[in-house]
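To keep things clear, I will list the structure first and then write my remarks on it.
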Protein chains: 2
Amino acid sequence: MSRHLLLIATSNPGKLREIEAVFAGFPLHFEDLRQYPDLPAAVEDADTFMANAEKKALYYAKQTGLPALADDSGLEVDCLGGRPGVHSARFAGRHGDDQANNVKLIELLGNVPLDERRARFRCAIVVADHGTVLARAEGTIEGLIIDEPRGENGFGYDPHFLVPDLGKTTAELAPEHKNRISHRGQALRSILDALGHIFAR
Amino acid sequence: MSRHLLLIATSNPGKLREIEAVFAGFPLHFEDLRQYPDLPAAVEDADTFMANAEKKALYYAKQTGLPALADDSGLEVDCLGGRPGVHSARFAGRHGDDQANNVKLIELLGNVPLDERRARFRCAIVVADHGTVLARAEGTIEGLIIDEPRGENGFGYDPHFLVPDLGKTTAELAPEHKNRISHRGQALRSILDALGHIFAR
């Protein structure tokens with residue numbers, strides 16, 4: 001069985017870890033953006049996760065000549081009108097500053113009671129090659145935002161994202177448990193279903 | 001079996017028709033916003049369909065004292081960065097002007113080839129009562145945007161929304177067929193599942 005080369009178009013170590021864990025055992029070799037340090041970052045100026053993921057996948061596929069998988073994901077808090085949404089990674093200004101983003105989120109929520117802090121993580125994944133979108137998928141997970149961070153796993157807003165049925169934040173879950181239920185895990189499994197047909201050609 | 005009174009918090013006749021068709025046969029009586037002509041419209045300024053639906057459901061439940069169901073829905077076109085998105089109903093300026101909205105959409109797409117005109121309808125539905133959210137649900141349907149309108153059913157962007165597997169726009173589908181597969185039909189069936197437990201109390 002031949003192995004296909006796929007660019008995981010992210011330099012976020014948390015996303016990389018989760019993607020590689022779901023894809024383990026499939027006949028794929030990976031590169032990621034750490035192997036392309038001189039490549040200018042893709043512009044992420046769309047209003048939706050799916051449109052941003054598509055932009056990134058098409059851009060990195062074109063720049064590298066490889067089939068590229070891009071993930072755009074984030075947190076929507078209903079009582080904040082859906083913010084931080086597509087701005088999740090740069091909510092407090094600097095891209096990927098998890099701590100500052102979490103501080104800003106909890107400050108904004110102020111005295112809002114827990115049952116009005118409904119939120120969801122949303123993940124859109126697109127795989128593109130040579131100017132063509134090969135597959136797209138989405139996943140979501142519902143939760144509540146808590147003031148005090150809990151747990152050491154995951155990344156981003158995970159320590160503040162409580163899954164009510166489990167009584168745990170997504171940062172308190174073992175990585176394989178998070179991937180089984182998370183927005184990204186769902187989207188990745190859907191993408192694998194689609195890629196199976198494509199890469200089997 | 002007692003019948004429960006539910007406010008369908010919309011004055012859009014297309015949405016009302018689809019909601020009432022899915023809810024037919026359930027022990028519910030409906031009112032809608034046409035019975036409250038003096039009520040100021042809810043503010044819809046959130047970034048997501050879900051957050052707007054929640055705002056509307058909470059607002060109209062408070063204003064009327066009834067359990068209220070609100071729908072926020074629209075079209076996301078990937079190559080337009082997700083637009084018109086939450087601005088779907090007022091894309092061309094005036095709320096609910098389907099024809100002007102469609103003209104603007106097709107103009108913006110210009111010479112983009114069909115296979116790059118990926119889009120989805122997204123629908124969020126929230127039911128609230130006395131300041132509390134009772135249930136929330138989402139649905140999506142994927143399609144492609146075509147230049148020439150086709151079909152007389154549906155409303156909004158339906159005549160330009162091609163469902164590739166069917167070779168038909170959602171405006172060419174019989175209403176019951178559209179409801180079986182549409183974003184709104186999916187969300188409504190999920191809400192009914194949740195309401196069944198609540199209204200059975």
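Each chain in the structure tokens gets a letter, A, B, ..., in the order shown, and its residues are numbered from 1; ligands are numbered from 1 in order too.
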| message | From a backbone DSSP assignment, name each residue in region 7-197 of chain A labelled strand (DSSP E), as an NGL selection string. | response | :A and (7-8 or 28-32 or 68-77 or 118-129 or 132-145 or 161-163 or 168-169)
Saved selection, atoms kept: N, CA and C atoms, as a compact mmCIF listing (two decimals), in the first residue's frame:
```
# COMPACT_ATOMS: atom_id res chain seq x y z
N LEU A 7 0.06 17.73 3.54
CA LEU A 7 0.51 18.85 4.35
C LEU A 7 -0.57 19.21 5.37
N ILE A 8 -0.22 19.13 6.65
CA ILE A 8 -1.14 19.62 7.68
C ILE A 8 -0.84 21.11 7.82
N LEU A 28 -0.66 7.59 5.48
CA LEU A 28 -0.37 8.98 5.15
C LEU A 28 0.95 9.38 5.79
N HIS A 29 1.75 10.11 5.02
CA HIS A 29 2.90 10.82 5.58
C HIS A 29 2.52 12.28 5.73
N PHE A 30 3.04 12.91 6.77
CA PHE A 30 2.67 14.30 7.01
C PHE A 30 3.86 15.24 6.91
N GLU A 31 3.59 16.43 6.40
CA GLU A 31 4.44 17.57 6.67
C GLU A 31 3.55 18.59 7.39
N ASP A 32 4.18 19.60 7.98
CA ASP A 32 3.38 20.69 8.53
C ASP A 32 4.12 22.00 8.28
N ALA A 68 -3.19 19.73 0.81
CA ALA A 68 -3.08 20.44 2.09
C ALA A 68 -4.38 20.34 2.87
N LEU A 69 -4.24 20.05 4.16
CA LEU A 69 -5.38 20.02 5.06
C LEU A 69 -5.30 21.25 5.97
N ALA A 70 -6.38 22.04 5.98
CA ALA A 70 -6.43 23.21 6.86
C ALA A 70 -7.60 23.09 7.82
N ASP A 71 -7.34 23.55 9.03
CA ASP A 71 -8.35 23.54 10.11
C ASP A 71 -8.61 24.98 10.49
N ASP A 72 -9.87 25.40 10.50
CA ASP A 72 -10.19 26.67 11.13
C ASP A 72 -11.23 26.38 12.19
N SER A 73 -10.99 26.87 13.37
CA SER A 73 -11.83 26.47 14.49
C SER A 73 -11.84 27.56 15.53
N GLY A 74 -12.80 27.47 16.44
CA GLY A 74 -12.88 28.48 17.48
C GLY A 74 -14.09 28.29 18.35
N LEU A 75 -14.29 29.27 19.20
CA LEU A 75 -15.31 29.23 20.24
C LEU A 75 -16.39 30.28 19.95
N GLU A 76 -17.65 29.86 20.01
CA GLU A 76 -18.77 30.80 19.89
C GLU A 76 -19.50 30.85 21.23
N VAL A 77 -19.57 32.01 21.84
CA VAL A 77 -20.29 32.16 23.10
C VAL A 77 -21.58 32.93 22.82
N ARG A 118 -23.70 29.56 27.62
CA ARG A 118 -23.68 28.53 26.59
C ARG A 118 -22.68 28.88 25.49
N ALA A 119 -21.95 27.88 25.05
CA ALA A 119 -20.92 28.09 24.04
C ALA A 119 -20.71 26.80 23.27
N ARG A 120 -20.08 26.93 22.13
CA ARG A 120 -19.68 25.72 21.41
C ARG A 120 -18.33 25.95 20.73
N PHE A 121 -17.54 24.88 20.68
CA PHE A 121 -16.38 24.86 19.80
C PHE A 121 -16.87 24.39 18.44
N ARG A 122 -16.38 25.05 17.41
CA ARG A 122 -16.72 24.66 16.05
C ARG A 122 -15.42 24.47 15.28
N CYS A 123 -15.38 23.46 14.44
CA CYS A 123 -14.18 23.17 13.65
C CYS A 123 -14.59 22.91 12.20
N ALA A 124 -13.93 23.58 11.27
CA ALA A 124 -14.11 23.30 9.84
C ALA A 124 -12.78 22.83 9.30
N ILE A 125 -12.82 21.77 8.52
CA ILE A 125 -11.61 21.23 7.91
C ILE A 125 -11.82 21.10 6.40
N VAL A 126 -10.83 21.56 5.65
CA VAL A 126 -10.87 21.47 4.20
C VAL A 126 -9.55 20.86 3.72
N VAL A 127 -9.64 19.95 2.77
CA VAL A 127 -8.46 19.42 2.09
C VAL A 127 -8.52 19.85 0.63
N ALA A 128 -7.44 20.46 0.17
CA ALA A 128 -7.38 20.95 -1.21
C ALA A 128 -6.12 20.47 -1.89
N ASP A 129 -6.17 20.40 -3.21
CA ASP A 129 -5.01 19.99 -4.00
C ASP A 129 -5.13 20.64 -5.38
N THR A 132 -8.19 22.70 -6.25
CA THR A 132 -9.49 22.04 -6.12
C THR A 132 -9.72 21.61 -4.67
N VAL A 133 -10.92 21.83 -4.18
CA VAL A 133 -11.29 21.33 -2.85
C VAL A 133 -11.66 19.86 -2.98
N LEU A 134 -10.94 19.00 -2.24
CA LEU A 134 -11.21 17.55 -2.31
C LEU A 134 -12.26 17.12 -1.29
N ALA A 135 -12.27 17.77 -0.14
CA ALA A 135 -13.20 17.35 0.92
C ALA A 135 -13.36 18.48 1.93
N ARG A 136 -14.53 18.53 2.53
CA ARG A 136 -14.82 19.50 3.58
C ARG A 136 -15.60 18.79 4.67
N ALA A 137 -15.42 19.22 5.92
CA ALA A 137 -16.19 18.62 7.02
C ALA A 137 -16.26 19.61 8.19
N GLU A 138 -17.26 19.41 9.01
CA GLU A 138 -17.46 20.26 10.18
C GLU A 138 -17.70 19.41 11.41
N GLY A 139 -17.43 19.97 12.59
CA GLY A 139 -17.80 19.33 13.84
C GLY A 139 -18.07 20.40 14.89
N THR A 140 -18.93 20.07 15.87
CA THR A 140 -19.18 21.00 16.97
C THR A 140 -19.29 20.23 18.28
N ILE A 141 -19.00 20.93 19.37
CA ILE A 141 -19.27 20.37 20.70
C ILE A 141 -19.81 21.50 21.57
N GLU A 142 -20.86 21.18 22.33
CA GLU A 142 -21.55 22.19 23.15
C GLU A 142 -20.99 22.20 24.57
N GLY A 143 -20.96 23.37 25.19
CA GLY A 143 -20.47 23.47 26.56
C GLY A 143 -20.87 24.76 27.25
N LEU A 144 -20.28 24.98 28.42
CA LEU A 144 -20.52 26.18 29.23
C LEU A 144 -19.15 26.74 29.63
N ILE A 145 -19.03 28.05 29.70
CA ILE A 145 -17.75 28.67 30.05
C ILE A 145 -17.67 28.91 31.56
N PHE A 161 -13.74 25.43 29.17
CA PHE A 161 -14.87 24.88 28.41
C PHE A 161 -15.38 23.61 29.09
N LEU A 162 -16.46 23.76 29.82
CA LEU A 162 -17.04 22.65 30.58
C LEU A 162 -18.03 21.86 29.72
N VAL A 163 -17.84 20.54 29.66
CA VAL A 163 -18.81 19.67 28.99
C VAL A 163 -19.79 19.20 30.07
N LYS A 168 -16.59 17.85 33.27
CA LYS A 168 -15.16 18.12 33.09
C LYS A 168 -14.97 19.13 31.97
N THR A 169 -13.86 19.88 32.06
CA THR A 169 -13.49 20.70 30.92
C THR A 169 -12.78 19.83 29.89
```
| field | Within 9 Å of chain B: residues of chain A, using only C-alpha atoms, as JSON, numbers by chain | value | {"A": [45, 46, 47, 48, 49, 50, 51, 52, 54, 55, 76, 77, 78, 79, 80, 81, 82, 83, 85, 115, 116, 132, 133]}
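Separating CA of His4 (chain B) from CA of Gln63 (chain B) is a distance of 18.1 Å.
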Give the helix (DSSP H, G or I) residues of region 12-130 of chain B, as assigned by DSSP on the backbone, as a CSV table (one decimal) with C-alpha atoms, in the first residue's frame.
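In the end it all went to selection14.csv:
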```
chain,number,residue,atom,x,y,z
B,13,PRO,CA,-44.4,33.8,5.7
B,14,GLY,CA,-41.9,31.4,4.1
B,15,LYS,CA,-40.5,30.4,7.5
B,16,LEU,CA,-43.9,30.2,9.1
B,17,ARG,CA,-45.1,27.8,6.3
B,18,GLU,CA,-42.2,25.5,6.8
B,19,ILE,CA,-42.3,25.5,10.6
B,20,GLU,CA,-46.1,24.8,10.7
B,21,ALA,CA,-45.7,22.0,8.2
B,22,VAL,CA,-43.1,20.2,10.3
B,23,PHE,CA,-45.1,20.8,13.5
B,33,LEU,CA,-45.7,37.9,15.2
B,34,ARG,CA,-48.5,38.9,12.9
B,35,GLN,CA,-50.7,38.8,16.1
B,49,PHE,CA,-27.2,32.4,13.7
B,50,MET,CA,-27.4,30.6,17.1
B,51,ALA,CA,-26.7,33.8,19.1
B,52,ASN,CA,-29.3,35.7,17.1
B,53,ALA,CA,-31.9,33.0,17.5
B,54,GLU,CA,-31.3,33.0,21.2
B,55,LYS,CA,-31.6,36.8,21.4
B,56,LYS,CA,-34.9,36.7,19.5
B,57,ALA,CA,-36.4,33.8,21.4
B,58,LEU,CA,-35.6,35.3,24.8
B,59,TYR,CA,-36.8,38.8,23.7
B,60,TYR,CA,-40.2,37.6,22.3
B,61,ALA,CA,-40.8,35.2,25.2
B,62,LYS,CA,-40.3,38.1,27.6
B,63,GLN,CA,-42.5,40.5,25.5
B,64,THR,CA,-45.4,38.1,25.1
B,78,ASP,CA,-17.4,30.1,0.8
B,79,CYS,CA,-15.8,32.1,-2.0
B,80,LEU,CA,-17.4,35.2,-0.6
B,85,GLY,CA,-24.2,34.9,6.5
B,86,VAL,CA,-26.1,36.5,9.4
B,87,HIS,CA,-26.9,39.4,7.0
B,88,SER,CA,-28.7,37.2,4.5
B,89,ALA,CA,-32.1,38.7,4.9
B,90,ARG,CA,-30.8,42.3,4.6
B,98,ASP,CA,-35.5,38.5,-1.7
B,99,GLN,CA,-35.2,39.8,-5.2
B,100,ALA,CA,-32.6,42.5,-4.4
B,101,ASN,CA,-30.7,40.1,-2.3
B,102,ASN,CA,-30.5,37.6,-5.1
B,103,VAL,CA,-29.4,40.2,-7.6
B,104,LYS,CA,-26.6,41.3,-5.3
B,105,LEU,CA,-25.4,37.8,-4.7
B,106,ILE,CA,-25.3,36.8,-8.4
B,107,GLU,CA,-23.5,40.1,-9.2
B,108,LEU,CA,-20.9,39.4,-6.6
B,109,LEU,CA,-20.2,35.9,-7.9
B,114,LEU,CA,-19.8,26.7,-10.7
B,115,ASP,CA,-17.6,24.3,-8.8
B,116,GLU,CA,-16.1,27.1,-6.7
```
| field | Polymer residues at most 9 Å from Leu192 (chain A), only C-alpha atoms, same-chain spacing of 4 or more positions, as a PyMOL selection string | value | chain A and resi 23+26+187-188+196-197
Keeping only C-alpha atoms, write the selected residues as a JSON list (two decimals), in the first residue's frame.
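Wrote selection.json, looks like this:
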```
[["chain", "number", "residue", "atom", "x", "y", "z"],
["A", 23, "PHE", "CA", -4.79, 10.03, 11.49],
["A", 26, "PHE", "CA", -3.73, 5.58, 8.02],
["A", 187, "ALA", "CA", -14.50, 16.84, 11.61],
["A", 188, "LEU", "CA", -11.33, 14.76, 11.20],
["A", 196, "GLY", "CA", -10.41, 7.19, 1.91],
["A", 197, "HIS", "CA", -12.11, 7.19, -1.47]]
```
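Of note, CA of Glu176 (chain A) and CA of Leu5 (chain A) are spaced 24.0 Å apart.
Reported to one decimal place, the separation of CA of His177 (chain B) from CA of Asp147 (chain B) is 22.9 Å.
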